[in-house]
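Report on the following structure.
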Amino acid sequence: MNYLRILRVSVRALARNKLRSFLTTLGIIIGVGAVIAMVSIGEGAKTAVEERFQAMGTNLLFVSPGSRSVGGRHTGFGGWQSLRVEDALAIEEQCDAVLYASPIVNTRAQVVYANKNWNTSITGANEKFPLIRSWDVEFGTFFDESHVRSGAKVCVLGSEVKKNLFEDEDAVGKVIRIKKIPFTVLGVMRSKGETGGWMSRDDMIIVPYTTALMRLVRQDYINSIDVKAVSANRTPEAKAQIEELLRIRHRIAPGAEDDFTVRNMTEMMESATETTKILTILLGSIAGISLLVGGIGIMNIMLVSVTERIREIGIRMSVGARERDILLQFLAEAVTLCLMGGLIGIIVGFIASRLISRFAGWRTVVSPDAIFLAFFFAAAVGIFFGFYPARKASKLDPIEALRYE
């Protein structure tokens, strides 16, 4: 059997109706292009999340309030204010696998400078915050231990806050008002960008946690504790030490539920990566529906083609063509349509992903796996939806086919 001849005959048959062939492949082109573009968005989000977590360091841990059952009612995650400043100090002093620890106090406030104002996140921390978060000061300096100890009214701005309040003006040394309280700007942090795609880390102001507790939130508990382990290898050890220490400090009985939660950066990165993976599958599946629609269009056109070429089929059979030859010819036509559409769709998908990245500002990554999957799926669609019309053509009676008008 000469497969090359079958392919040449199939291409000639498709070339006789160029416009119809193109319109038939259009569904496959759109389907493959959409799959590649959508998967590239999901892969881009996954890559961005991994890079941002890696930049923060894999030896970072976060201690948050947990939940408690009070009067038979479960307060839920974060519903129990169990953390105190003393807990953070004890973690740094008594856990040998911990390098730095900082109490964290969070709130939001309207910030005013001259005739400009901006609503932003306020984070109270100690002087080790830049070391824990691996976050450098771009202009000026960060506050020191004396500022924290005295509860000084000083602050360090995120780059987005600086841009909105000061534009091109130098912010260092200027006085801004947070909840009508004057704060002196000591420095501006280097731009970090978004955190996992949900919020900008640059849209925040950092103040001493003592100042935040006394003047901004007026509470005696902290919202969380940022911890940096001695090394990435000792992160699990640091987590175990923190859990043991806090259970003792909070007088939690053996077997009782913790009133705090300790999560390390690796766990958070895996959780965020899993979320983006589900997003990628969802986007790819939605785009894949258009491939099925394109396949149905190919089946429809191939059935029309069989009807139009009944006499041709009868002539081929009368001169010795077997059922298998007719089956392969029409199947080759369907697969050729899908593969041509797949090749063009790959180009369209690549261009679409670049346009999305440029104009929407989303990061996109076109992976070889996505291209292979889309191309393989296009070929499978051709075989699946082309088999029935091809089999129908091969089962025609030669005598009846020759009589067909």
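We label chains A, B, ... in the order they appear in the structure tokens, count residues from 1 in each chain, and number ligands from 1 in the order shown.
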query = Contacts of Leu23 of chain A at 12 Å or less, counting only C-alpha atoms, minus same-chain residues fewer than 5 places along, as a PyMOL selection string?
reply = chain A and resi 14+17-18+28-30+294+297-298+301+337-338+340-341
task = Any chance you could list, as a ChimeraX atom specification, the residues in segment 188-397 of chain A that come up helix (DSSP H, G or I) when DSSP is run on the backbone?
result = /A:209-217,232-249,265-308,310-318,323-360,368-394
task = Could you jot down the atom CA of Leu331 of chain A to atom CA of Val35 of chain A separation for me, Å, one decimal place?
result =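 For atom CA of Leu331 of chain A relative to atom CA of Val35 of chain A, the distance reads 24.2 Å.
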Non-local contacts of Thr336 of chain A (9 Å; only C-alpha atoms; under 6 positions in same chain excluded) as a PDB file with C-alpha atoms, in the first residue's frame:
ATOM      1  CA  LEU A   7      -1.681  11.442   0.950  1.00  0.00           C
ATOM      2  CA  SER A  10      -6.095  13.512  -0.317  1.00  0.00           C
ATOM      3  CA  VAL A  11      -4.266  16.831  -0.675  1.00  0.00           C
ATOM      4  CA  LEU A  14      -8.842  19.153  -0.528  1.00  0.00           C
ATOM      5  CA  ALA A 379      -4.602  14.904  15.136  1.00  0.00           C
ATOM      6  CA  GLY A 382      -9.140  14.350  12.915  1.00  0.00           C
TER       7      GLY A 382
END
Would you list the contacts of Arg391 of chain A as a PDB file with N, CA and C atoms, in the first residue's frame, taking every protein, DNA or RNA residue within 8 Å and counting only C-alpha atoms, but skipping same-chain residues closer than 4 positions in sequence?
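So out.pdb came out as:
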ATOM      1  N   LEU A 327     -11.166   3.879   2.859  1.00  0.00           N
ATOM      2  CA  LEU A 327     -11.182   4.305   4.263  1.00  0.00           C
ATOM      3  C   LEU A 327      -9.978   5.191   4.570  1.00  0.00           C
ATOM      4  N   PHE A 387     -13.288   9.281  11.141  1.00  0.00           N
ATOM      5  CA  PHE A 387     -13.420   7.828  10.933  1.00  0.00           C
ATOM      6  C   PHE A 387     -14.807   7.443  10.417  1.00  0.00           C
ATOM      7  N   LYS A 395     -17.841   1.600   2.812  1.00  0.00           N
ATOM      8  CA  LYS A 395     -18.891   0.575   2.824  1.00  0.00           C
ATOM      9  C   LYS A 395     -19.901   0.739   1.676  1.00  0.00           C
TER      10      LYS A 395
END
Kindly assemble as a Markdown table a list of the segment 203-278 of chain A residues that lie within 6 Å of segment 148-171 of chain A, each paired with its nearest atom pair and their distance in Å to one decimal, using only C-alpha atoms, sorted first by chain and then by ascending residue number.
| residue | atom | partner | partner_atom | distance |
| --- | --- | --- | --- | --- |
| A:Asp203 | CA | A:Glu160 | CA | 5.2 |
| A:Met204 | CA | A:Gly158 | CA | 5.2 |
| A:Ile205 | CA | A:Leu157 | CA | 4.7 |
| A:Ile206 | CA | A:Val156 | CA | 5.2 |
| A:Val207 | CA | A:Cys155 | CA | 4.6 |
| A:Pro208 | CA | A:Val148 | CA | 5.1 |
| A:Thr210 | CA | A:Gly151 | CA | 5.0 |
| A:Thr211 | CA | A:Gly151 | CA | 4.5 |
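Atom to atom, atom CA of Lys192 of chain A and atom CA of Asp226 of chain A stand 17.6 Å apart.
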Can you write out as JSON lines which residues of segment 26-59 of chain A fall within 8 Å of segment 349-363 of chain A, alongside each residue's closest atom pair and its distance in Å to one decimal, counting only C-alpha atoms and ordering rows by chain and ascending residue number?
{"residue": "A:Val32", "atom": "CA", "partner": "A:Gly349", "partner_atom": "CA", "distance": 6.9}
{"residue": "A:Gly33", "atom": "CA", "partner": "A:Gly349", "partner_atom": "CA", "distance": 3.7}
{"residue": "A:Ala34", "atom": "CA", "partner": "A:Gly349", "partner_atom": "CA", "distance": 6.1}
{"residue": "A:Val35", "atom": "CA", "partner": "A:Gly349", "partner_atom": "CA", "distance": 7.4}
{"residue": "A:Ile36", "atom": "CA", "partner": "A:Gly349", "partner_atom": "CA", "distance": 5.1}
{"residue": "A:Ala37", "atom": "CA", "partner": "A:Ser353", "partner_atom": "CA", "distance": 4.9}
{"residue": "A:Met38", "atom": "CA", "partner": "A:Ser353", "partner_atom": "CA", "distance": 7.9}
{"residue": "A:Ser40", "atom": "CA", "partner": "A:Ser353", "partner_atom": "CA", "distance": 6.5}
{"residue": "A:Ile41", "atom": "CA", "partner": "A:Arg363", "partner_atom": "CA", "distance": 6.7}
{"residue": "A:Gly44", "atom": "CA", "partner": "A:Arg363", "partner_atom": "CA", "distance": 4.9}
{"residue": "A:Ala45", "atom": "CA", "partner": "A:Arg363", "partner_atom": "CA", "distance": 6.5}
{"residue": "A:Ala48", "atom": "CA", "partner": "A:Arg363", "partner_atom": "CA", "distance": 7.4}
For the residues in the current selection, export C-alpha atoms as a compact mmCIF listing (two decimals), in the first residue's frame.
# COMPACT_ATOMS: atom_id res chain seq x y z
CA VAL A 32 -5.44 24.96 19.02
CA GLY A 33 -4.63 28.68 19.26
CA ALA A 34 -6.99 29.11 22.21
CA VAL A 35 -5.57 26.08 24.04
CA ILE A 36 -1.98 27.33 23.65
CA ALA A 37 -2.90 30.90 24.65
CA MET A 38 -4.93 29.86 27.70
CA SER A 40 0.38 29.96 28.44
CA ILE A 41 -1.53 32.30 30.78
CA GLY A 44 2.92 32.26 33.24
CA ALA A 45 1.01 32.69 36.50
CA ALA A 48 5.56 34.14 38.40
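Computed from the coordinates, the atom CA of Asp325 of chain A to atom CA of Val304 of chain A distance equals 19.2 Å.
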message = Under the rule that only C-alpha atoms are counted, which of A:Ala13, A:Ser191, A:Tyr113, A:Glu237 is the nearest residue to Ile176 of chain A?
response =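 Distance minimum relative to Ile176 of chain A lands on A:Tyr113.
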request  = Write out as a PyMOL selection string each polymer residue whose atoms come within 7 Å of Asn126 of chain A, counting only C-alpha atoms; drop sequence neighbours fewer than 2 positions from it.
outcome  = chain A and resi 102-103+128-129+148+208-209
Take the residues just selected and output them with N, CA and C atoms as a PDB file, in the first residue's frame.
ATOM      1  N   SER A 102      10.105  38.673  63.758  1.00  0.00           N
ATOM      2  CA  SER A 102       9.539  40.020  63.886  1.00  0.00           C
ATOM      3  C   SER A 102       8.047  39.944  64.156  1.00  0.00           C
ATOM      4  N   PRO A 103       7.557  40.660  65.186  1.00  0.00           N
ATOM      5  CA  PRO A 103       6.106  40.781  65.358  1.00  0.00           C
ATOM      6  C   PRO A 103       5.540  41.564  64.173  1.00  0.00           C
ATOM      7  N   LYS A 128      14.309  44.145  61.914  1.00  0.00           N
ATOM      8  CA  LYS A 128      14.840  43.008  61.156  1.00  0.00           C
ATOM      9  C   LYS A 128      13.939  42.616  59.975  1.00  0.00           C
ATOM     10  N   PHE A 129      12.875  43.363  59.778  1.00  0.00           N
ATOM     11  CA  PHE A 129      11.923  43.059  58.710  1.00  0.00           C
ATOM     12  C   PHE A 129      12.597  42.943  57.333  1.00  0.00           C
ATOM     13  N   VAL A 148      12.276  51.369  67.324  1.00  0.00           N
ATOM     14  CA  VAL A 148      11.284  50.379  67.763  1.00  0.00           C
ATOM     15  C   VAL A 148      11.086  50.476  69.263  1.00  0.00           C
ATOM     16  N   PRO A 208       7.437  51.019  62.957  1.00  0.00           N
ATOM     17  CA  PRO A 208       7.782  50.176  64.109  1.00  0.00           C
ATOM     18  C   PRO A 208       6.511  49.563  64.713  1.00  0.00           C
ATOM     19  N   TYR A 209       6.575  48.280  65.072  1.00  0.00           N
ATOM     20  CA  TYR A 209       5.377  47.619  65.583  1.00  0.00           C
ATOM     21  C   TYR A 209       4.907  48.245  66.895  1.00  0.00           C
TER      22      TYR A 209
END
Excluding segment 213-224 of chain A and its own-chain neighbours fewer than 6 positions away, which residues fall within 8 Å of it when counting only C-alpha atoms? Please give them as a PDB file with all heavy atoms, in the first residue's frame.
ATOM      1  N   PHE A  62       5.774  31.717  58.664  1.00  0.00           N
ATOM      2  CA  PHE A  62       4.773  32.666  59.150  1.00  0.00           C
ATOM      3  C   PHE A  62       3.976  32.011  60.275  1.00  0.00           C
ATOM      4  O   PHE A  62       3.454  30.906  60.111  1.00  0.00           O
ATOM      5  CB  PHE A  62       3.824  33.077  58.027  1.00  0.00           C
ATOM      6  CG  PHE A  62       4.510  33.744  56.869  1.00  0.00           C
ATOM      7  CD1 PHE A  62       4.854  33.024  55.744  1.00  0.00           C
ATOM      8  CD2 PHE A  62       4.821  35.092  56.913  1.00  0.00           C
ATOM      9  CE1 PHE A  62       5.494  33.624  54.681  1.00  0.00           C
ATOM     10  CE2 PHE A  62       5.458  35.710  55.859  1.00  0.00           C
ATOM     11  CZ  PHE A  62       5.797  34.974  54.737  1.00  0.00           C
ATOM     12  N   VAL A  63       3.911  32.701  61.403  1.00  0.00           N
ATOM     13  CA  VAL A  63       3.123  32.222  62.540  1.00  0.00           C
ATOM     14  C   VAL A  63       1.865  33.084  62.602  1.00  0.00           C
ATOM     15  O   VAL A  63       1.945  34.312  62.722  1.00  0.00           O
ATOM     16  CB  VAL A  63       3.906  32.327  63.856  1.00  0.00           C
ATOM     17  CG1 VAL A  63       3.089  31.721  64.999  1.00  0.00           C
ATOM     18  CG2 VAL A  63       5.258  31.642  63.732  1.00  0.00           C
ATOM     19  N   SER A  64       0.705  32.450  62.515  1.00  0.00           N
ATOM     20  CA  SER A  64      -0.572  33.165  62.523  1.00  0.00           C
ATOM     21  C   SER A  64      -1.454  32.638  63.639  1.00  0.00           C
ATOM     22  O   SER A  64      -1.276  31.512  64.109  1.00  0.00           O
ATOM     23  CB  SER A  64      -1.292  32.982  61.180  1.00  0.00           C
ATOM     24  OG  SER A  64      -0.455  33.339  60.111  1.00  0.00           O
ATOM     25  N   PRO A  65      -2.428  33.452  64.088  1.00  0.00           N
ATOM     26  CA  PRO A  65      -3.387  32.943  65.066  1.00  0.00           C
ATOM     27  C   PRO A  65      -4.180  31.782  64.474  1.00  0.00           C
ATOM     28  O   PRO A  65      -4.470  31.768  63.275  1.00  0.00           O
ATOM     29  CB  PRO A  65      -4.302  34.141  65.342  1.00  0.00           C
ATOM     30  CG  PRO A  65      -3.549  35.326  64.847  1.00  0.00           C
ATOM     31  CD  PRO A  65      -2.691  34.847  63.730  1.00  0.00           C
ATOM     32  N   GLN A  81      -7.256  35.605  68.894  1.00  0.00           N
ATOM     33  CA  GLN A  81      -6.084  36.483  68.981  1.00  0.00           C
ATOM     34  C   GLN A  81      -5.165  35.966  70.071  1.00  0.00           C
ATOM     35  O   GLN A  81      -5.270  36.343  71.232  1.00  0.00           O
ATOM     36  CB  GLN A  81      -6.535  37.923  69.252  1.00  0.00           C
ATOM     37  CG  GLN A  81      -7.520  38.474  68.234  1.00  0.00           C
ATOM     38  CD  GLN A  81      -6.976  38.477  66.818  1.00  0.00           C
ATOM     39  OE1 GLN A  81      -5.761  38.403  66.612  1.00  0.00           O
ATOM     40  NE2 GLN A  81      -7.858  38.554  65.840  1.00  0.00           N
ATOM     41  N   SER A  82      -4.262  35.077  69.681  1.00  0.00           N
ATOM     42  CA  SER A  82      -3.451  34.359  70.659  1.00  0.00           C
ATOM     43  C   SER A  82      -1.990  34.788  70.685  1.00  0.00           C
ATOM     44  O   SER A  82      -1.228  34.354  71.553  1.00  0.00           O
ATOM     45  CB  SER A  82      -3.513  32.856  70.356  1.00  0.00           C
ATOM     46  OG  SER A  82      -3.085  32.606  69.020  1.00  0.00           O
ATOM     47  N   LEU A  83      -1.558  35.620  69.739  1.00  0.00           N
ATOM     48  CA  LEU A  83      -0.139  35.955  69.645  1.00  0.00           C
ATOM     49  C   LEU A  83       0.166  37.281  70.324  1.00  0.00           C
ATOM     50  O   LEU A  83      -0.568  38.249  70.169  1.00  0.00           O
ATOM     51  CB  LEU A  83       0.289  36.008  68.166  1.00  0.00           C
ATOM     52  CG  LEU A  83       0.136  34.708  67.377  1.00  0.00           C
ATOM     53  CD1 LEU A  83       0.554  34.916  65.932  1.00  0.00           C
ATOM     54  CD2 LEU A  83       0.955  33.581  68.006  1.00  0.00           C
ATOM     55  N   ARG A  84       1.294  37.302  71.034  1.00  0.00           N
ATOM     56  CA  ARG A  84       1.756  38.504  71.716  1.00  0.00           C
ATOM     57  C   ARG A  84       3.184  38.817  71.286  1.00  0.00           C
ATOM     58  O   ARG A  84       3.888  37.970  70.733  1.00  0.00           O
ATOM     59  CB  ARG A  84       1.709  38.313  73.243  1.00  0.00           C
ATOM     60  CG  ARG A  84       0.318  38.053  73.804  1.00  0.00           C
ATOM     61  CD  ARG A  84      -0.533  39.308  73.744  1.00  0.00           C
ATOM     62  NE  ARG A  84      -1.818  39.151  74.399  1.00  0.00           N
ATOM     63  CZ  ARG A  84      -2.914  38.717  73.791  1.00  0.00           C
ATOM     64  NH1 ARG A  84      -2.856  38.366  72.509  1.00  0.00           N
ATOM     65  NH2 ARG A  84      -4.062  38.620  74.439  1.00  0.00           N
ATOM     66  N   VAL A  85       3.618  40.042  71.574  1.00  0.00           N
ATOM     67  CA  VAL A  85       4.984  40.447  71.244  1.00  0.00           C
ATOM     68  C   VAL A  85       5.992  39.523  71.920  1.00  0.00           C
ATOM     69  O   VAL A  85       7.020  39.152  71.337  1.00  0.00           O
ATOM     70  CB  VAL A  85       5.222  41.911  71.680  1.00  0.00           C
ATOM     71  CG1 VAL A  85       6.691  42.288  71.497  1.00  0.00           C
ATOM     72  CG2 VAL A  85       4.323  42.855  70.894  1.00  0.00           C
ATOM     73  N   PRO A 103       7.557  40.660  65.186  1.00  0.00           N
ATOM     74  CA  PRO A 103       6.106  40.781  65.358  1.00  0.00           C
ATOM     75  C   PRO A 103       5.540  41.564  64.173  1.00  0.00           C
ATOM     76  O   PRO A 103       6.183  42.478  63.657  1.00  0.00           O
ATOM     77  CB  PRO A 103       5.963  41.580  66.659  1.00  0.00           C
ATOM     78  CG  PRO A 103       7.306  41.521  67.310  1.00  0.00           C
ATOM     79  CD  PRO A 103       8.302  41.386  66.223  1.00  0.00           C
ATOM     80  N   ILE A 104       4.341  41.207  63.749  1.00  0.00           N
ATOM     81  CA  ILE A 104       3.699  41.893  62.629  1.00  0.00           C
ATOM     82  C   ILE A 104       2.323  42.398  63.067  1.00  0.00           C
ATOM     83  O   ILE A 104       1.528  41.644  63.639  1.00  0.00           O
ATOM     84  CB  ILE A 104       3.540  40.965  61.405  1.00  0.00           C
ATOM     85  CG1 ILE A 104       4.918  40.504  60.902  1.00  0.00           C
ATOM     86  CG2 ILE A 104       2.772  41.670  60.291  1.00  0.00           C
ATOM     87  CD1 ILE A 104       5.792  41.611  60.361  1.00  0.00           C
ATOM     88  N   VAL A 105       2.061  43.679  62.814  1.00  0.00           N
ATOM     89  CA  VAL A 105       0.770  44.295  63.093  1.00  0.00           C
ATOM     90  C   VAL A 105       0.244  44.874  61.778  1.00  0.00           C
ATOM     91  O   VAL A 105       0.953  45.632  61.108  1.00  0.00           O
ATOM     92  CB  VAL A 105       0.887  45.411  64.154  1.00  0.00           C
ATOM     93  CG1 VAL A 105      -0.484  46.023  64.438  1.00  0.00           C
ATOM     94  CG2 VAL A 105       1.527  44.883  65.427  1.00  0.00           C
ATOM     95  N   ASN A 106      -0.959  44.505  61.392  1.00  0.00           N
ATOM     96  CA  ASN A 106      -1.519  44.955  60.110  1.00  0.00           C
ATOM     97  C   ASN A 106      -2.754  45.837  60.307  1.00  0.00           C
ATOM     98  O   ASN A 106      -3.589  45.563  61.172  1.00  0.00           O
ATOM     99  CB  ASN A 106      -1.914  43.750  59.249  1.00  0.00           C
ATOM    100  CG  ASN A 106      -0.714  42.919  58.842  1.00  0.00           C
ATOM    101  OD1 ASN A 106       0.303  43.457  58.421  1.00  0.00           O
ATOM    102  ND2 ASN A 106      -0.817  41.607  58.974  1.00  0.00           N
ATOM    103  N   THR A 107      -2.854  46.864  59.501  1.00  0.00           N
ATOM    104  CA  THR A 107      -4.048  47.701  59.459  1.00  0.00           C
ATOM    105  C   THR A 107      -4.056  48.441  58.130  1.00  0.00           C
ATOM    106  O   THR A 107      -3.109  48.324  57.341  1.00  0.00           O
ATOM    107  CB  THR A 107      -4.074  48.700  60.634  1.00  0.00           C
ATOM    108  OG1 THR A 107      -5.319  49.396  60.633  1.00  0.00           O
ATOM    109  CG2 THR A 107      -2.945  49.717  60.523  1.00  0.00           C
ATOM    110  N   GLY A 124       3.206  46.992  60.831  1.00  0.00           N
ATOM    111  CA  GLY A 124       4.104  47.241  61.949  1.00  0.00           C
ATOM    112  C   GLY A 124       5.077  46.079  62.079  1.00  0.00           C
ATOM    113  O   GLY A 124       4.670  44.917  62.068  1.00  0.00           O
ATOM    114  N   GLY A 151       9.156  53.594  70.191  1.00  0.00           N
ATOM    115  CA  GLY A 151       7.866  53.804  69.529  1.00  0.00           C
ATOM    116  C   GLY A 151       7.863  55.071  68.695  1.00  0.00           C
ATOM    117  O   GLY A 151       6.888  55.834  68.707  1.00  0.00           O
ATOM    118  N   LYS A 179      -3.551  58.341  59.774  1.00  0.00           N
ATOM    119  CA  LYS A 179      -4.626  58.516  60.758  1.00  0.00           C
ATOM    120  C   LYS A 179      -4.429  59.805  61.549  1.00  0.00           C
ATOM    121  O   LYS A 179      -4.545  59.833  62.779  1.00  0.00           O
ATOM    122  CB  LYS A 179      -4.712  57.308  61.695  1.00  0.00           C
ATOM    123  CG  LYS A 179      -5.161  56.025  61.022  1.00  0.00           C
ATOM    124  CD  LYS A 179      -5.409  54.907  62.019  1.00  0.00           C
ATOM    125  CE  LYS A 179      -5.954  53.652  61.341  1.00  0.00           C
ATOM    126  NZ  LYS A 179      -6.212  52.545  62.294  1.00  0.00           N
TER     127      LYS A 179
END
request  = Name all residues at most 10 Å from Leu61 of chain A (count only C-alpha atoms; drop same-chain ones fewer than 2 positions away) and give them as a PyMOL selection string.
outcome  = chain A and resi 57-59+63-64+98+101+132+225-229+235-236+238-239+242+262-268
note = Judged by only C-alpha atoms, the minimum distance to Ile346 of chain A among A:Ala287, A:Glu323, A:Gln110, A:Gly31 is found for A:Gly31
